[in-house]
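Below: the structure, in structure tokens.
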Amino acid sequence: MSLNDQKRILLRDMLIYRRKELNLTQAELASKLSKPQSFVSKYESGERKIDAVELIDLIQCFGDVPSNFIKQYCSNLEKK
């Protein structure tokens, strides 16, 4: 597995964890994003990559500050 794959998996895992931590279903999150539920399902399963704009939108839907989320991501990446 490449480092880029590991990075994507970590990001995906963090997004899934945060959604579940907030007790949001995929459908509820998708609704907040004005996207179909399949949007959330596909990036959570790894079938689809998310771009930077979508990532920021997701983080903001969680009520989080994007820079704080990115710092946590980098910190988690260093631990691997």
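Every chain in the structure tokens has a letter given in the order shown (A, B, ...), and although residue numbers restart at 1 in each chain, ligands are simply numbered from 1 in the order shown.
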Among chain A, which ones does DSSP place in helix (DSSP H, G or I), written as a ChimeraX atom specification?
/A:3-21,26-33,37-45,52-61,66-79
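Counting only C-alpha atoms and comparing A:Asp13, A:Asp57, A:Asp64, A:Glu78, the residue that lies closest to A:Lys32 is A:Asp57.
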Which polymer residues have any atom within 9 Å of an atom of A:Leu55, counting only C-alpha atoms, with same-chain residues fewer than 5 positions away left out, as JSON, numbers by chain?
{"A": [50, 60, 66]}
Atoms to include: N, CA, C and O atoms. Write the selected residues as a PDB file, in the first residue's frame.
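Contents of part07.pdb, freshly written:
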ATOM      1  N   ILE A  50     -12.364  13.016  -2.259  1.00  0.00           N
ATOM      2  CA  ILE A  50     -12.941  14.344  -2.074  1.00  0.00           C
ATOM      3  C   ILE A  50     -11.859  15.379  -2.344  1.00  0.00           C
ATOM      4  O   ILE A  50     -10.686  15.162  -2.060  1.00  0.00           O
ATOM      5  N   GLN A  60     -16.707  22.033   7.990  1.00  0.00           N
ATOM      6  CA  GLN A  60     -17.576  23.097   8.479  1.00  0.00           C
ATOM      7  C   GLN A  60     -18.952  22.564   8.848  1.00  0.00           C
ATOM      8  O   GLN A  60     -19.564  23.041   9.805  1.00  0.00           O
ATOM      9  N   PRO A  66     -11.577  24.235   9.908  1.00  0.00           N
ATOM     10  CA  PRO A  66     -10.754  23.432   8.991  1.00  0.00           C
ATOM     11  C   PRO A  66      -9.276  23.352   9.382  1.00  0.00           C
ATOM     12  O   PRO A  66      -8.690  22.268   9.331  1.00  0.00           O
TER      13      PRO A  66
END
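The protein and nucleic acid residues lying at most 12 Å from A:Cys61 are Leu15, Arg18, Arg19, Leu22, Leu24, Glu28, Leu29, Ala30, Ser31, Lys32, Leu33, Ser34, Glu54, Leu55, Ile56, Asp57, Val65 and Pro66 of chain A, with only C-alpha atoms considered and sequence neighbours fewer than 4 positions away removed.
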Residues near A:Cys74, cut-off 10 Å, only C-alpha atoms, skip fewer than 6 positions along chain, as a PyMOL selection string
chain A and resi 7+10-11+68
Output N, CA, C and O atoms of each residue in that selection to a file, as a PDB file, in the first residue's frame.
ATOM      1  N   LYS A   7      -2.595   7.818   3.539  1.00  0.00           N
ATOM      2  CA  LYS A   7      -3.059   9.166   3.874  1.00  0.00           C
ATOM      3  C   LYS A   7      -4.550   9.307   3.606  1.00  0.00           C
ATOM      4  O   LYS A   7      -5.284   9.886   4.398  1.00  0.00           O
ATOM      5  N   LEU A  10      -6.519   7.388   6.254  1.00  0.00           N
ATOM      6  CA  LEU A  10      -6.552   8.137   7.511  1.00  0.00           C
ATOM      7  C   LEU A  10      -7.582   9.262   7.444  1.00  0.00           C
ATOM      8  O   LEU A  10      -8.395   9.430   8.352  1.00  0.00           O
ATOM      9  N   LEU A  11      -7.571  10.024   6.368  1.00  0.00           N
ATOM     10  CA  LEU A  11      -8.530  11.121   6.212  1.00  0.00           C
ATOM     11  C   LEU A  11      -9.959  10.582   6.234  1.00  0.00           C
ATOM     12  O   LEU A  11     -10.827  11.103   6.940  1.00  0.00           O
ATOM     13  N   ASN A  68      -7.927  23.440  12.292  1.00  0.00           N
ATOM     14  CA  ASN A  68      -7.768  22.540  13.441  1.00  0.00           C
ATOM     15  C   ASN A  68      -7.868  21.078  13.013  1.00  0.00           C
ATOM     16  O   ASN A  68      -7.119  20.222  13.489  1.00  0.00           O
TER      17      ASN A  68
END
